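final-v6.cif (mmCIF, C-alpha atoms and all ligand atoms)
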```cif
data_target
#
loop_
_atom_site.label_atom_id
_atom_site.label_comp_id
_atom_site.auth_asym_id
_atom_site.auth_seq_id
_atom_site.Cartn_x
_atom_site.Cartn_y
_atom_site.Cartn_z
CA MET A 1 184.32 -91.20 -42.30
CA GLY A 2 185.91 -93.34 -39.54
CA GLU A 3 184.60 -93.80 -36.03
CA ILE A 4 185.45 -91.18 -33.37
CA ILE A 5 188.60 -92.27 -31.56
CA LEU A 6 189.04 -89.21 -29.34
CA LYS A 7 186.38 -86.84 -28.08
CA THR A 8 186.91 -84.07 -25.55
CA ASN A 9 184.03 -82.83 -23.40
CA ASP A 10 184.51 -79.29 -22.05
CA LEU A 11 188.14 -80.16 -21.39
CA THR A 12 189.68 -77.46 -19.19
CA VAL A 13 193.20 -76.95 -17.88
CA ASP A 14 194.02 -74.17 -15.44
CA PHE A 15 197.42 -73.58 -13.91
CA LYS A 16 197.56 -72.09 -10.43
CA ILE A 17 200.23 -69.42 -10.33
CA LYS A 18 201.35 -67.04 -7.62
CA LYS A 19 201.99 -63.45 -8.62
CA ASN A 20 204.11 -63.02 -5.50
CA LEU A 21 205.26 -65.05 -2.53
CA PHE A 22 202.43 -64.10 -0.18
CA GLY A 23 199.62 -63.47 -2.67
CA LYS A 24 196.63 -65.69 -3.30
CA PRO A 25 197.21 -67.98 -6.32
CA SER A 26 195.67 -66.80 -9.58
CA ARG A 27 194.13 -68.95 -12.29
CA LEU A 28 195.97 -69.11 -15.60
CA SER A 29 193.35 -70.35 -18.03
CA ALA A 30 195.34 -72.37 -20.61
CA VAL A 31 192.54 -74.52 -22.08
CA GLN A 32 188.87 -73.67 -21.54
CA ASN A 33 185.90 -75.96 -22.28
CA VAL A 34 187.38 -77.48 -25.42
CA ASN A 35 185.16 -79.87 -27.39
CA LEU A 36 186.66 -81.68 -30.34
CA GLU A 37 186.18 -85.00 -32.08
CA ILE A 38 188.94 -86.83 -33.92
CA ARG A 39 188.00 -89.64 -36.28
CA LYS A 40 190.00 -92.72 -37.07
CA GLY A 41 192.38 -92.27 -40.00
CA GLU A 42 192.17 -88.50 -40.21
CA ILE A 43 194.66 -85.72 -39.63
CA TYR A 44 193.18 -83.22 -37.19
CA GLY A 45 194.85 -79.81 -37.15
CA LEU A 46 195.16 -77.49 -34.17
CA VAL A 47 196.14 -73.90 -34.92
CA GLY A 48 196.34 -70.58 -33.12
CA GLU A 49 198.87 -68.03 -32.00
CA SER A 50 201.67 -68.85 -29.60
CA GLY A 51 200.38 -69.37 -26.06
CA CYS A 52 196.80 -70.23 -27.09
CA GLY A 53 196.98 -73.64 -25.38
CA LYS A 54 197.72 -76.12 -28.19
CA THR A 55 200.52 -77.94 -26.36
CA THR A 56 198.66 -77.84 -23.06
CA LEU A 57 195.62 -79.47 -24.68
CA ALA A 58 197.86 -82.20 -26.14
CA ASN A 59 199.62 -82.60 -22.78
CA ALA A 60 196.30 -82.99 -20.98
CA ILE A 61 195.28 -85.76 -23.39
CA LEU A 62 198.66 -87.44 -22.85
CA GLY A 63 198.45 -87.08 -19.07
CA PHE A 64 201.50 -84.80 -18.84
CA VAL A 65 199.46 -82.04 -17.15
CA PRO A 66 196.41 -82.59 -14.93
CA ILE A 67 192.93 -81.97 -16.27
CA THR A 68 191.12 -79.34 -14.18
CA SER A 69 187.59 -80.20 -15.33
CA GLY A 70 185.80 -81.85 -18.21
CA SER A 71 186.88 -85.14 -19.71
CA PHE A 72 187.91 -86.95 -22.84
CA GLU A 73 186.80 -90.26 -24.25
CA ALA A 74 189.32 -92.44 -26.06
CA PHE A 75 189.90 -96.13 -26.72
CA GLY A 76 187.00 -97.25 -24.56
CA HIS A 77 187.83 -95.08 -21.55
CA THR A 78 186.51 -91.80 -20.18
CA VAL A 79 189.33 -89.84 -18.60
CA THR A 80 188.66 -87.13 -16.02
CA ALA A 81 190.66 -85.33 -13.33
CA SER A 82 190.11 -88.29 -11.01
CA THR A 83 191.08 -91.12 -13.37
CA LYS A 84 193.48 -93.55 -11.66
CA PRO A 85 197.06 -93.93 -13.02
CA ALA A 86 196.48 -97.56 -14.10
CA GLU A 87 193.58 -96.55 -16.34
CA TRP A 88 195.62 -93.60 -17.67
CA ARG A 89 198.35 -96.02 -18.70
CA GLU A 90 195.78 -98.11 -20.58
CA VAL A 91 194.72 -95.05 -22.58
CA ARG A 92 198.32 -93.91 -23.13
CA ARG A 93 199.22 -97.25 -24.72
CA HIS A 94 197.27 -96.15 -27.80
CA MET A 95 198.98 -92.76 -28.16
CA GLN A 96 202.49 -91.56 -28.98
CA THR A 97 204.07 -88.18 -29.62
CA VAL A 98 206.37 -86.51 -32.09
CA PHE A 99 207.67 -83.22 -30.70
CA GLN A 100 209.09 -80.11 -32.28
CA ASP A 101 212.69 -80.58 -31.27
CA PRO A 102 213.86 -84.14 -31.92
CA TYR A 103 217.22 -83.42 -30.28
CA SER A 104 215.95 -82.61 -26.81
CA SER A 105 213.20 -85.25 -26.94
CA LEU A 106 215.62 -88.12 -27.71
CA ASN A 107 218.05 -89.58 -25.19
CA THR A 108 221.56 -88.77 -26.45
CA ARG A 109 223.20 -91.51 -24.36
CA PHE A 110 221.36 -94.30 -26.19
CA THR A 111 222.04 -95.71 -29.63
CA VAL A 112 219.35 -95.46 -32.30
CA TRP A 113 218.08 -99.00 -31.81
CA GLN A 114 217.80 -98.44 -28.05
CA ILE A 115 215.90 -95.18 -28.53
CA ILE A 116 213.51 -96.63 -31.07
CA SER A 117 212.78 -99.78 -29.07
CA GLU A 118 212.46 -98.02 -25.69
CA PRO A 119 208.61 -98.02 -25.72
CA LEU A 120 208.75 -101.83 -26.01
CA TYR A 121 211.30 -101.98 -23.17
CA ILE A 122 208.99 -99.84 -21.02
CA ARG A 123 206.21 -102.33 -21.72
CA GLY A 124 208.38 -105.14 -20.38
CA GLU A 125 210.21 -106.58 -23.40
CA ARG A 126 213.73 -107.39 -22.20
CA ASP A 127 215.08 -109.63 -25.00
CA GLU A 128 217.74 -107.52 -26.75
CA ARG A 129 217.50 -109.54 -29.92
CA VAL A 130 213.75 -108.86 -30.19
CA LEU A 131 214.19 -105.16 -29.37
CA ARG A 132 216.90 -104.78 -32.01
CA GLU A 133 214.95 -106.66 -34.65
CA ARG A 134 211.83 -104.57 -34.07
CA ALA A 135 213.94 -101.37 -34.25
CA ALA A 136 215.57 -102.62 -37.45
CA ALA A 137 212.17 -103.10 -39.07
CA MET A 138 211.16 -99.57 -38.08
CA VAL A 139 214.30 -97.75 -39.30
CA GLU A 140 213.63 -98.98 -42.79
CA LYS A 141 210.00 -97.81 -42.65
CA VAL A 142 211.13 -94.27 -41.84
CA GLY A 143 213.81 -94.08 -44.50
CA LEU A 144 216.93 -94.73 -42.41
CA SER A 145 219.30 -97.62 -42.93
CA LEU A 146 220.30 -100.62 -40.83
CA ARG A 147 223.77 -99.10 -40.48
CA ASP A 148 222.18 -96.31 -38.42
CA LEU A 149 221.06 -98.65 -35.63
CA ASP A 150 224.31 -98.40 -33.65
CA ARG A 151 224.88 -94.68 -34.12
CA TYR A 152 224.06 -91.87 -31.67
CA VAL A 153 221.56 -89.05 -32.10
CA PHE A 154 224.22 -86.32 -32.37
CA GLU A 155 225.50 -87.95 -35.56
CA PHE A 156 222.25 -87.18 -37.41
CA SER A 157 220.72 -84.13 -39.10
CA GLY A 158 217.48 -82.59 -37.74
CA GLY A 159 215.36 -84.35 -40.36
CA GLN A 160 217.00 -87.72 -39.64
CA ARG A 161 216.47 -87.21 -35.91
CA GLN A 162 212.81 -86.58 -36.55
CA ARG A 163 212.70 -89.87 -38.49
CA ILE A 164 214.14 -91.60 -35.40
CA ALA A 165 211.45 -89.93 -33.24
CA ILE A 166 208.75 -91.10 -35.67
CA ALA A 167 210.08 -94.68 -35.65
CA ARG A 168 210.03 -94.60 -31.84
CA ALA A 169 206.44 -93.32 -31.87
CA LEU A 170 205.30 -96.11 -34.19
CA ILE A 171 207.07 -99.14 -32.77
CA ALA A 172 204.55 -99.83 -30.02
CA ASP A 173 201.52 -99.91 -32.36
CA ALA A 174 200.06 -96.58 -31.28
CA GLU A 175 196.87 -95.56 -33.09
CA LEU A 176 196.87 -91.82 -32.37
CA ILE A 177 200.08 -89.86 -32.95
CA ILE A 178 200.20 -86.38 -31.46
CA CYS A 179 202.55 -84.25 -33.53
CA ASP A 180 203.44 -80.94 -31.84
CA GLU A 181 205.07 -78.69 -34.46
CA PRO A 182 206.94 -81.70 -35.89
CA THR A 183 208.59 -79.74 -38.71
CA SER A 184 209.03 -76.24 -37.32
CA ALA A 185 212.56 -76.78 -35.99
CA LEU A 186 213.67 -78.26 -39.32
CA ASP A 187 215.22 -76.76 -42.38
CA VAL A 188 212.53 -75.78 -44.90
CA SER A 189 213.99 -78.20 -47.43
CA VAL A 190 213.17 -81.20 -45.21
CA HIS A 191 209.66 -80.06 -44.16
CA SER A 192 207.95 -81.77 -47.06
CA GLN A 193 210.03 -84.95 -46.70
CA ILE A 194 208.90 -85.38 -43.09
CA CYS A 195 205.29 -84.50 -43.94
CA ASN A 196 205.26 -86.98 -46.81
CA LEU A 197 206.71 -89.62 -44.52
CA LEU A 198 203.92 -88.99 -41.97
CA LEU A 199 201.31 -89.24 -44.74
CA ASP A 200 202.78 -92.50 -46.09
CA LEU A 201 202.90 -94.02 -42.60
CA ARG A 202 199.30 -93.03 -41.98
CA GLU A 203 198.30 -95.11 -45.01
CA GLU A 204 200.49 -98.03 -44.12
CA PHE A 205 199.66 -98.27 -40.42
CA GLY A 206 196.12 -96.83 -40.44
CA LEU A 207 197.20 -94.00 -38.12
CA THR A 208 195.34 -90.94 -36.91
CA TYR A 209 197.19 -87.69 -36.19
CA LEU A 210 196.51 -84.71 -33.99
CA PHE A 211 198.71 -82.21 -35.80
CA ILE A 212 199.70 -78.95 -34.10
CA SER A 213 201.29 -76.32 -36.30
CA HIS A 214 201.75 -72.60 -36.83
CA ASN A 215 202.11 -73.27 -40.54
CA LEU A 216 198.67 -72.62 -42.00
CA SER A 217 199.65 -73.63 -45.52
CA LEU A 218 200.71 -76.99 -44.16
CA ILE A 219 197.51 -77.32 -42.10
CA LYS A 220 195.48 -76.49 -45.21
CA HIS A 221 197.39 -79.01 -47.26
CA ILE A 222 197.40 -82.03 -44.96
CA THR A 223 194.56 -81.88 -42.41
CA ASP A 224 191.00 -83.12 -42.81
CA HIS A 225 189.45 -81.32 -39.84
CA MET A 226 190.80 -78.58 -37.63
CA SER A 227 190.18 -76.36 -34.62
CA VAL A 228 191.23 -72.73 -34.32
CA MET A 229 192.17 -71.74 -30.77
CA TYR A 230 192.51 -68.32 -29.22
CA LEU A 231 193.74 -67.90 -25.62
CA GLY A 232 192.59 -71.32 -24.50
CA GLU A 233 189.24 -71.42 -26.32
CA VAL A 234 188.24 -73.01 -29.61
CA MET A 235 186.72 -70.24 -31.74
CA GLU A 236 185.99 -72.34 -34.82
CA SER A 237 186.18 -75.99 -35.85
CA GLY A 238 185.16 -78.21 -38.73
CA ALA A 239 186.34 -79.56 -42.05
CA THR A 240 189.56 -77.80 -43.02
CA ASP A 241 188.27 -76.96 -46.52
CA ASP A 242 185.11 -75.35 -45.08
CA ILE A 243 187.05 -73.23 -42.60
CA PHE A 244 189.53 -71.99 -45.20
CA ALA A 245 186.76 -71.31 -47.74
CA ASN A 246 184.34 -69.69 -45.33
CA PRO A 247 185.90 -68.55 -42.03
CA GLN A 248 183.22 -67.36 -39.61
CA THR A 249 184.98 -65.46 -36.85
CA PRO A 250 187.10 -62.34 -37.30
CA TYR A 251 189.98 -64.18 -35.62
CA THR A 252 189.90 -67.08 -38.09
CA GLU A 253 189.58 -64.57 -40.95
CA ALA A 254 192.69 -62.76 -39.75
CA LEU A 255 194.65 -66.01 -39.46
CA MET A 256 193.56 -67.18 -42.90
CA SER A 257 194.38 -63.84 -44.48
CA ALA A 258 198.04 -64.35 -43.60
CA ILE A 259 198.55 -67.37 -45.85
CA LEU A 260 199.87 -66.90 -49.33
CA GLU A 261 197.54 -68.25 -52.01
CA VAL A 262 199.03 -69.89 -55.08
CA ASN A 263 196.14 -68.44 -57.06
CA PRO A 264 196.33 -64.62 -56.71
CA SER A 265 192.61 -64.21 -57.63
CA LYS A 266 191.73 -66.04 -54.41
CA GLU A 267 194.05 -64.02 -52.21
CA ARG A 268 192.31 -62.24 -49.35
CA GLU A 269 193.16 -58.82 -48.09
CA ARG A 270 195.69 -59.28 -45.29
CA ILE A 271 194.19 -58.45 -41.89
CA ILE A 272 196.89 -57.28 -39.51
CA LEU A 273 195.91 -57.76 -35.89
CA THR A 274 197.07 -55.00 -33.60
CA GLY A 275 197.43 -54.96 -29.83
CA GLU A 276 198.64 -57.59 -27.43
CA ALA A 277 196.65 -60.70 -26.59
CA ARG A 278 195.09 -60.23 -23.16
CA SER A 279 196.59 -62.05 -20.20
CA PRO A 280 195.38 -65.63 -19.67
CA ILE A 281 195.43 -64.96 -15.92
CA ASP A 282 191.92 -64.62 -14.48
CA PRO A 283 190.45 -63.67 -17.89
CA PRO A 284 187.09 -61.85 -17.89
CA ASP A 285 184.01 -63.81 -18.93
CA ILE A 286 183.69 -62.22 -22.39
CA CYS A 287 185.22 -63.08 -25.78
CA ARG A 288 188.96 -63.30 -25.09
CA PHE A 289 189.67 -61.75 -28.50
CA ALA A 290 187.55 -58.64 -27.85
CA ASN A 291 190.47 -56.28 -27.16
CA ARG A 292 191.98 -56.99 -30.62
CA CYS A 293 188.98 -57.81 -32.75
CA PRO A 294 188.49 -55.49 -35.75
CA ARG A 295 184.72 -56.07 -35.54
CA VAL A 296 184.18 -55.88 -31.78
CA CYS A 297 180.75 -54.58 -30.74
CA ASP A 298 179.11 -53.67 -27.40
CA MET A 299 177.76 -57.18 -26.98
CA CYS A 300 181.32 -58.59 -27.25
CA ARG A 301 182.47 -56.30 -24.43
CA ASN A 302 179.57 -57.05 -22.12
CA ALA A 303 178.18 -60.55 -22.69
CA PRO A 304 179.88 -63.94 -22.47
CA LEU A 305 181.02 -65.51 -25.72
CA PRO A 306 178.07 -67.56 -27.02
CA ALA A 307 178.24 -71.35 -27.30
CA ALA A 308 179.38 -72.82 -30.62
CA VAL A 309 176.71 -72.86 -33.32
CA SER A 310 176.63 -75.00 -36.43
CA ILE A 311 177.28 -73.19 -39.69
CA GLY A 312 176.48 -76.34 -41.67
CA GLY A 313 177.71 -79.91 -41.32
CA ASP A 314 180.28 -80.08 -38.56
CA HIS A 315 181.50 -76.52 -39.14
CA MET A 316 181.04 -74.83 -35.74
CA ALA A 317 181.94 -71.32 -34.62
CA ARG A 318 181.62 -69.05 -31.58
CA CYS A 319 181.11 -65.34 -32.17
CA HIS A 320 178.42 -62.74 -31.43
CA LEU A 321 178.29 -61.83 -35.12
CA ILE A 322 177.08 -65.23 -36.31
CA GLY A 323 173.50 -65.05 -37.48
CA LYS A 324 173.52 -61.24 -37.33
CA GLY A 325 173.79 -61.00 -41.13
CA GLU A 326 177.04 -59.00 -41.11
N1 LIG A 401 203.36 -75.72 -16.63
C1 LIG A 401 202.81 -74.53 -16.79
N2 LIG A 401 202.61 -73.70 -15.73
C2 LIG A 401 202.03 -72.49 -15.88
N3 LIG A 401 201.60 -72.00 -17.08
C3 LIG A 401 201.78 -72.79 -18.16
C4 LIG A 401 202.40 -74.07 -18.09
N4 LIG A 401 202.43 -74.61 -19.35
C5 LIG A 401 201.86 -73.69 -20.16
N5 LIG A 401 201.47 -72.60 -19.46
C6 LIG A 401 200.78 -71.41 -19.99
O1 LIG A 401 199.62 -71.90 -20.65
C7 LIG A 401 199.33 -71.12 -21.80
C8 LIG A 401 199.28 -72.05 -23.01
O2 LIG A 401 200.60 -72.51 -23.28
P1 LIG A 401 200.91 -73.57 -24.44
O3 LIG A 401 202.33 -73.95 -24.31
O4 LIG A 401 199.90 -74.65 -24.35
O5 LIG A 401 200.65 -72.72 -25.76
P2 LIG A 401 200.91 -73.11 -27.29
O6 LIG A 401 199.67 -72.77 -28.04
O7 LIG A 401 201.41 -74.50 -27.37
O8 LIG A 401 202.06 -72.08 -27.70
P3 LIG A 401 203.25 -72.25 -28.77
O9 LIG A 401 202.60 -72.09 -30.13
O10 LIG A 401 204.17 -71.13 -28.45
O11 LIG A 401 203.88 -73.60 -28.57
C9 LIG A 401 200.44 -70.07 -21.90
O12 LIG A 401 199.96 -68.89 -21.30
C10 LIG A 401 201.56 -70.68 -21.06
O13 LIG A 401 202.38 -69.66 -20.51
S1 LIG A 402 182.60 -62.29 -30.36
FE1 LIG A 402 182.99 -60.16 -30.86
S2 LIG A 402 185.09 -59.79 -30.22
FE2 LIG A 402 184.82 -62.00 -30.33
S3 LIG A 402 185.47 -62.56 -32.37
FE3 LIG A 402 183.27 -62.23 -32.49
S4 LIG A 402 183.05 -60.08 -33.09
FE4 LIG A 402 185.13 -60.35 -32.38
MG MG A 403 203.20 -75.38 -28.09
#
```

Turn this file's structure into structure tokens for me.
Ligand SMILES: Nc1ncnc2c1ncn2[C@@H]1O[C@H](COP(=O)(O)OP(=O)(O)OP(=O)(O)O)[C@@H](O)[C@H]1O
Ligand code: SF4
Ligand SMILES: [Mg+2]
Amino acid sequence: MGEIILKTNDLTVDFKIKKNLFGKPSRLSAVQNVNLEIRKGEIYGLVGESGCGKTTLANAILGFVPITSGSFEAFGHTVTASTKPAEWREVRRHMQTVFQDPYSSLNTRFTVWQIISEPLYIRGERDERVLRERAAAMVEKVGLSLRDLDRYVFEFSGGQRQRIAIARALIADAELIICDEPTSALDVSVHSQICNLLLDLREEFGLTYLFISHNLSLIKHITDHMSVMYLGEVMESGATDDIFANPQTPYTEALMSAILEVNPSKERERIILTGEARSPIDPPDICRFANRCPRVCDMCRNAPLPAAVSIGGDHMARCHLIGKGE
């Protein structure tokens, strides 16, 4: 396995929000004490229900939202809440993003070659001939043609726009690509084309991906390691195959039970979660899943969620039931 290229240490992001004009601000706990390790060349999956903090975690790594506490180590730097902007920029040089909606994330006033080469422009390259040549090399890598260089984003389909976004992410030699739901806004028929493109580019450029998705079948198919988040916390992490084969927390079990197995003999009984997720505002210091957990016990309601324990290898999970023989 490759070296660790990104490691988070109790990374925490809170948002201060005011319930009303005169009230004291409350703490919205979006990401709480997250520890994960991403190795060079792998695809690391991040899953969990809507609002569990996947995008916020990615945004904290990218510097789009401030870190509240904890840190992450990447590309020779340790980044904390007090890291200076110049050092941030050094870390950011190694990372790029591919977002869910390629239309709103691409500048519609620019032509394709301008969009793709913009990261080089931002880094100071001003020679139009160089910018255009570099963009031309990239369009071919992502399956577009040289004729597309002078067209505008609105002239392309969703899948083609995502190819433009991928070319833009790759042009500045990033090593870690953060993909936030890169296929969920696309027609199902182009999902696999974009995924196959990402896989091919990983081989060719030696890339590493942090891959956020709601699509568990896709996560199962393409990721090497993964973390399962619930309301800001990682409940379970490890090799994707181990987690799918042997989920340890009731939350992971419920998530896994929702995916359709090709082999019906392996299909699990579907676990339907009832009840609303609790509010992320000033959450109590117990398991955040306790109000919906089908196996909740007194300990879950009264004691803090235990620290992650190893199930074997790098498979880690947090739950009061672990080791209780249930
Ligand atoms: N800028 C912000 N200010 C206040 N709260 C925020 C902000 N950004 C996100 N949140 C809150 O943080 C929590 C995590 O949101 P986030 O967008 O990270 O979830 P997610 O897992 O990416 O969800 P989805 O799957 O729907 O994209 C949510 O409760 C959200 O409302
Ligand atoms: S700690 Fe308790 S409430 Fe939380 S997932 Fe485990 S059993 Fe369920
Ligand atoms: Mg999101």

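The shortest atom-to-atom distance to ligand LIG 401 (chain A), with all atoms listed in the file taken into account, belongs to A:Glu49 out of A:Glu253, A:Glu49, A:Glu140, A:Glu125.
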
Contacts between ligand MG 403 (chain A) and chain A, please, where a residue of chain A counts if it comes within 8 Å (with all atoms listed in the file); show its shortest atom pair and distance in Å to one decimal, rows by chain and ascending number, as a Markdown table.
```
| residue | atom | partner | partner_atom | distance |
| --- | --- | --- | --- | --- |
| A:Ser50 | CA | A:MG403 | MG | 6.9 |
| A:Gly51 | CA | A:MG403 | MG | 6.9 |
| A:Gly53 | CA | A:MG403 | MG | 7.0 |
| A:Lys54 | CA | A:MG403 | MG | 5.5 |
| A:Thr55 | CA | A:MG403 | MG | 4.1 |
| A:Thr56 | CA | A:MG403 | MG | 7.2 |
| A:Asp180 | CA | A:MG403 | MG | 6.7 |
| A:Glu181 | CA | A:MG403 | MG | 7.4 |
| A:Ile212 | CA | A:MG403 | MG | 7.8 |
```

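Considering all atoms listed in the file, the residue among A:Ser184, A:Asn35, A:Thr252, A:Thr78 positioned nearest to ligand LIG 402 (chain A) is A:Thr252.
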
Residues near range 6-20 of chain A, anyone? I mean within 9 Å using all atoms listed in the file, not counting same-chain ones fewer than 2 positions away, as an mmCIF file with C-alpha atoms, in the coordinates of the input.
```cif
data_model
loop_
_atom_site.group_PDB
_atom_site.id
_atom_site.type_symbol
_atom_site.label_atom_id
_atom_site.label_comp_id
_atom_site.auth_asym_id
_atom_site.auth_seq_id
_atom_site.Cartn_x
_atom_site.Cartn_y
_atom_site.Cartn_z
ATOM 1 C CA ILE A 4 185.450 -91.180 -33.370
ATOM 2 C CA PHE A 22 202.430 -64.100 -0.180
ATOM 3 C CA GLY A 23 199.620 -63.470 -2.670
ATOM 4 C CA LYS A 24 196.630 -65.690 -3.300
ATOM 5 C CA PRO A 25 197.210 -67.980 -6.320
ATOM 6 C CA SER A 26 195.670 -66.800 -9.580
ATOM 7 C CA ARG A 27 194.130 -68.950 -12.290
ATOM 8 C CA LEU A 28 195.970 -69.110 -15.600
ATOM 9 C CA SER A 29 193.350 -70.350 -18.030
ATOM 10 C CA ALA A 30 195.340 -72.370 -20.610
ATOM 11 C CA VAL A 31 192.540 -74.520 -22.080
ATOM 12 C CA GLN A 32 188.870 -73.670 -21.540
ATOM 13 C CA ASN A 33 185.900 -75.960 -22.280
ATOM 14 C CA VAL A 34 187.380 -77.480 -25.420
ATOM 15 C CA ASN A 35 185.160 -79.870 -27.390
ATOM 16 C CA LEU A 36 186.660 -81.680 -30.340
ATOM 17 C CA GLU A 37 186.180 -85.000 -32.080
ATOM 18 C CA ILE A 38 188.940 -86.830 -33.920
ATOM 19 C CA ARG A 39 188.000 -89.640 -36.280
ATOM 20 C CA LYS A 40 190.000 -92.720 -37.070
ATOM 21 C CA THR A 56 198.660 -77.840 -23.060
ATOM 22 C CA LEU A 57 195.620 -79.470 -24.680
ATOM 23 C CA ALA A 60 196.300 -82.990 -20.980
ATOM 24 C CA ILE A 61 195.280 -85.760 -23.390
ATOM 25 C CA VAL A 65 199.460 -82.040 -17.150
ATOM 26 C CA PRO A 66 196.410 -82.590 -14.930
ATOM 27 C CA ILE A 67 192.930 -81.970 -16.270
ATOM 28 C CA THR A 68 191.120 -79.340 -14.180
ATOM 29 C CA SER A 69 187.590 -80.200 -15.330
ATOM 30 C CA GLY A 70 185.800 -81.850 -18.210
ATOM 31 C CA SER A 71 186.880 -85.140 -19.710
ATOM 32 C CA PHE A 72 187.910 -86.950 -22.840
ATOM 33 C CA GLU A 73 186.800 -90.260 -24.250
ATOM 34 C CA ALA A 74 189.320 -92.440 -26.060
ATOM 35 C CA PHE A 75 189.900 -96.130 -26.720
ATOM 36 C CA THR A 80 188.660 -87.130 -16.020
ATOM 37 C CA LEU A 176 196.870 -91.820 -32.370
ATOM 38 C CA GLY A 232 192.590 -71.320 -24.500
ATOM 39 C CA ILE A 281 195.430 -64.960 -15.920
#
```

**Prompt:** Neighbours of range 164-175 of chain A within 7 Å (all atoms listed in the file; same-chain residues fewer than 3 positions away dropped), as a PyMOL selection string?
**Reply:** chain A and resi 93-98+102+115-117+119-120+138-139+142+160-161+207-208

**Request:** Give the residue list for ligand LIG 402 (chain A) at 8 Å, counting only C-alpha atoms and all ligand atoms, as an MDAnalysis selection string, sorted by chain and then by residue number.
**Result:** chainID A and resid 235 249:251 287:297 299:301 305:306 318:322

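Separating CA of Gly76 in chain A from CA of Leu62 in chain A is a distance of 15.3 Å.
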
**Message:** Set the distance at 10 Å and use all atoms listed in the file: which residues neighbour Pro284 in chain A once local chain neighbours fewer than 5 positions away are removed? I'd like the list as a VMD selection string.
**Reply:** chain A and resid 278 to 279 301 to 302 304

**Pick from A:Ala317, A:Ile311, A:Leu273, A:Val188 nearest to Ser227 in chain A, counting only C-alpha atoms** = A:Ala317

For Val190 in chain A, please output as a PDB file with C-alpha atoms, in the frame of the given file all residues within 12 Å (counting all atoms listed in the file; exclusion window: fewer than 3 positions along the same chain).
```pdb
ATOM      1  CA  SER A 157     220.720 -84.130 -39.100  1.00  0.00           C
ATOM      2  CA  GLY A 158     217.480 -82.590 -37.740  1.00  0.00           C
ATOM      3  CA  GLY A 159     215.360 -84.350 -40.360  1.00  0.00           C
ATOM      4  CA  GLN A 160     217.000 -87.720 -39.640  1.00  0.00           C
ATOM      5  CA  ARG A 161     216.470 -87.210 -35.910  1.00  0.00           C
ATOM      6  CA  GLN A 162     212.810 -86.580 -36.550  1.00  0.00           C
ATOM      7  CA  ARG A 163     212.700 -89.870 -38.490  1.00  0.00           C
ATOM      8  CA  PRO A 182     206.940 -81.700 -35.890  1.00  0.00           C
ATOM      9  CA  THR A 183     208.590 -79.740 -38.710  1.00  0.00           C
ATOM     10  CA  SER A 184     209.030 -76.240 -37.320  1.00  0.00           C
ATOM     11  CA  ALA A 185     212.560 -76.780 -35.990  1.00  0.00           C
ATOM     12  CA  LEU A 186     213.670 -78.260 -39.320  1.00  0.00           C
ATOM     13  CA  ASP A 187     215.220 -76.760 -42.380  1.00  0.00           C
ATOM     14  CA  GLN A 193     210.030 -84.950 -46.700  1.00  0.00           C
ATOM     15  CA  ILE A 194     208.900 -85.380 -43.090  1.00  0.00           C
ATOM     16  CA  CYS A 195     205.290 -84.500 -43.940  1.00  0.00           C
ATOM     17  CA  ASN A 196     205.260 -86.980 -46.810  1.00  0.00           C
ATOM     18  CA  LEU A 197     206.710 -89.620 -44.520  1.00  0.00           C
TER      19      LEU A 197
END
```

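In this structure, CA of Tyr121 in chain A sits 11.4 Å away from CA of Ala135 in chain A.
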
**Message:** Just the number, please: distance in Å from CA of Phe64 in chain A to CA of Glu42 in chain A, one decimal.
**Reply:** 23.6 Å

Could you work out an axis-aligned box for range 207-211 of chain A, taking every atom the file lists and adding 5 Å on each side, and report centre and edge lengths in Å to one decimal, as lines of an AutoDock Vina configuration file?
```
center_x = 197.0
center_y = -88.1
center_z = -36.1
size_x = 13.4
size_y = 21.8
size_z = 14.1
```

**Prompt:** Of the candidates A:Asp224, A:Glu87, A:Asp127, A:Asp101, which one gets nearest to ligand LIG 401 (chain A) if we count all atoms listed in the file?
**Reply:** A:Asp101

**Asked** Which polymer residues have any atom within 12 Å of an atom of Arg147 in chain A, counting all atoms listed in the file, with same-chain residues fewer than 3 positions away left out, as a PyMOL selection string?
**Response** chain A and resi 111-113+135-136+139-140+143-144+150-152

Could range 38-42 of chain A be completed with N, CA, C and O atoms and returned as a short mmCIF file (atom, residue, chain, number, x, y, z; two decimals), in the frame of the given file?
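Generated output (out_10.cif):
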```
data_model
loop_
_atom_site.label_atom_id
_atom_site.label_comp_id
_atom_site.auth_asym_id
_atom_site.auth_seq_id
_atom_site.Cartn_x
_atom_site.Cartn_y
_atom_site.Cartn_z
N ILE A 38 187.96 -86.39 -32.92
CA ILE A 38 188.94 -86.83 -33.92
C ILE A 38 188.52 -88.21 -34.39
O ILE A 38 188.26 -89.10 -33.58
N ARG A 39 188.45 -88.36 -35.71
CA ARG A 39 188.00 -89.64 -36.28
C ARG A 39 189.16 -90.48 -36.75
O ARG A 39 190.19 -89.94 -37.18
N LYS A 40 188.95 -91.77 -36.70
CA LYS A 40 190.00 -92.72 -37.07
C LYS A 40 190.48 -92.46 -38.50
O LYS A 40 189.67 -92.29 -39.41
N GLY A 41 191.79 -92.40 -38.67
CA GLY A 41 192.38 -92.27 -40.00
C GLY A 41 192.55 -90.84 -40.48
O GLY A 41 193.13 -90.59 -41.53
N GLU A 42 192.06 -89.88 -39.71
CA GLU A 42 192.17 -88.50 -40.21
C GLU A 42 193.38 -87.77 -39.61
O GLU A 42 194.01 -88.24 -38.65
#
```
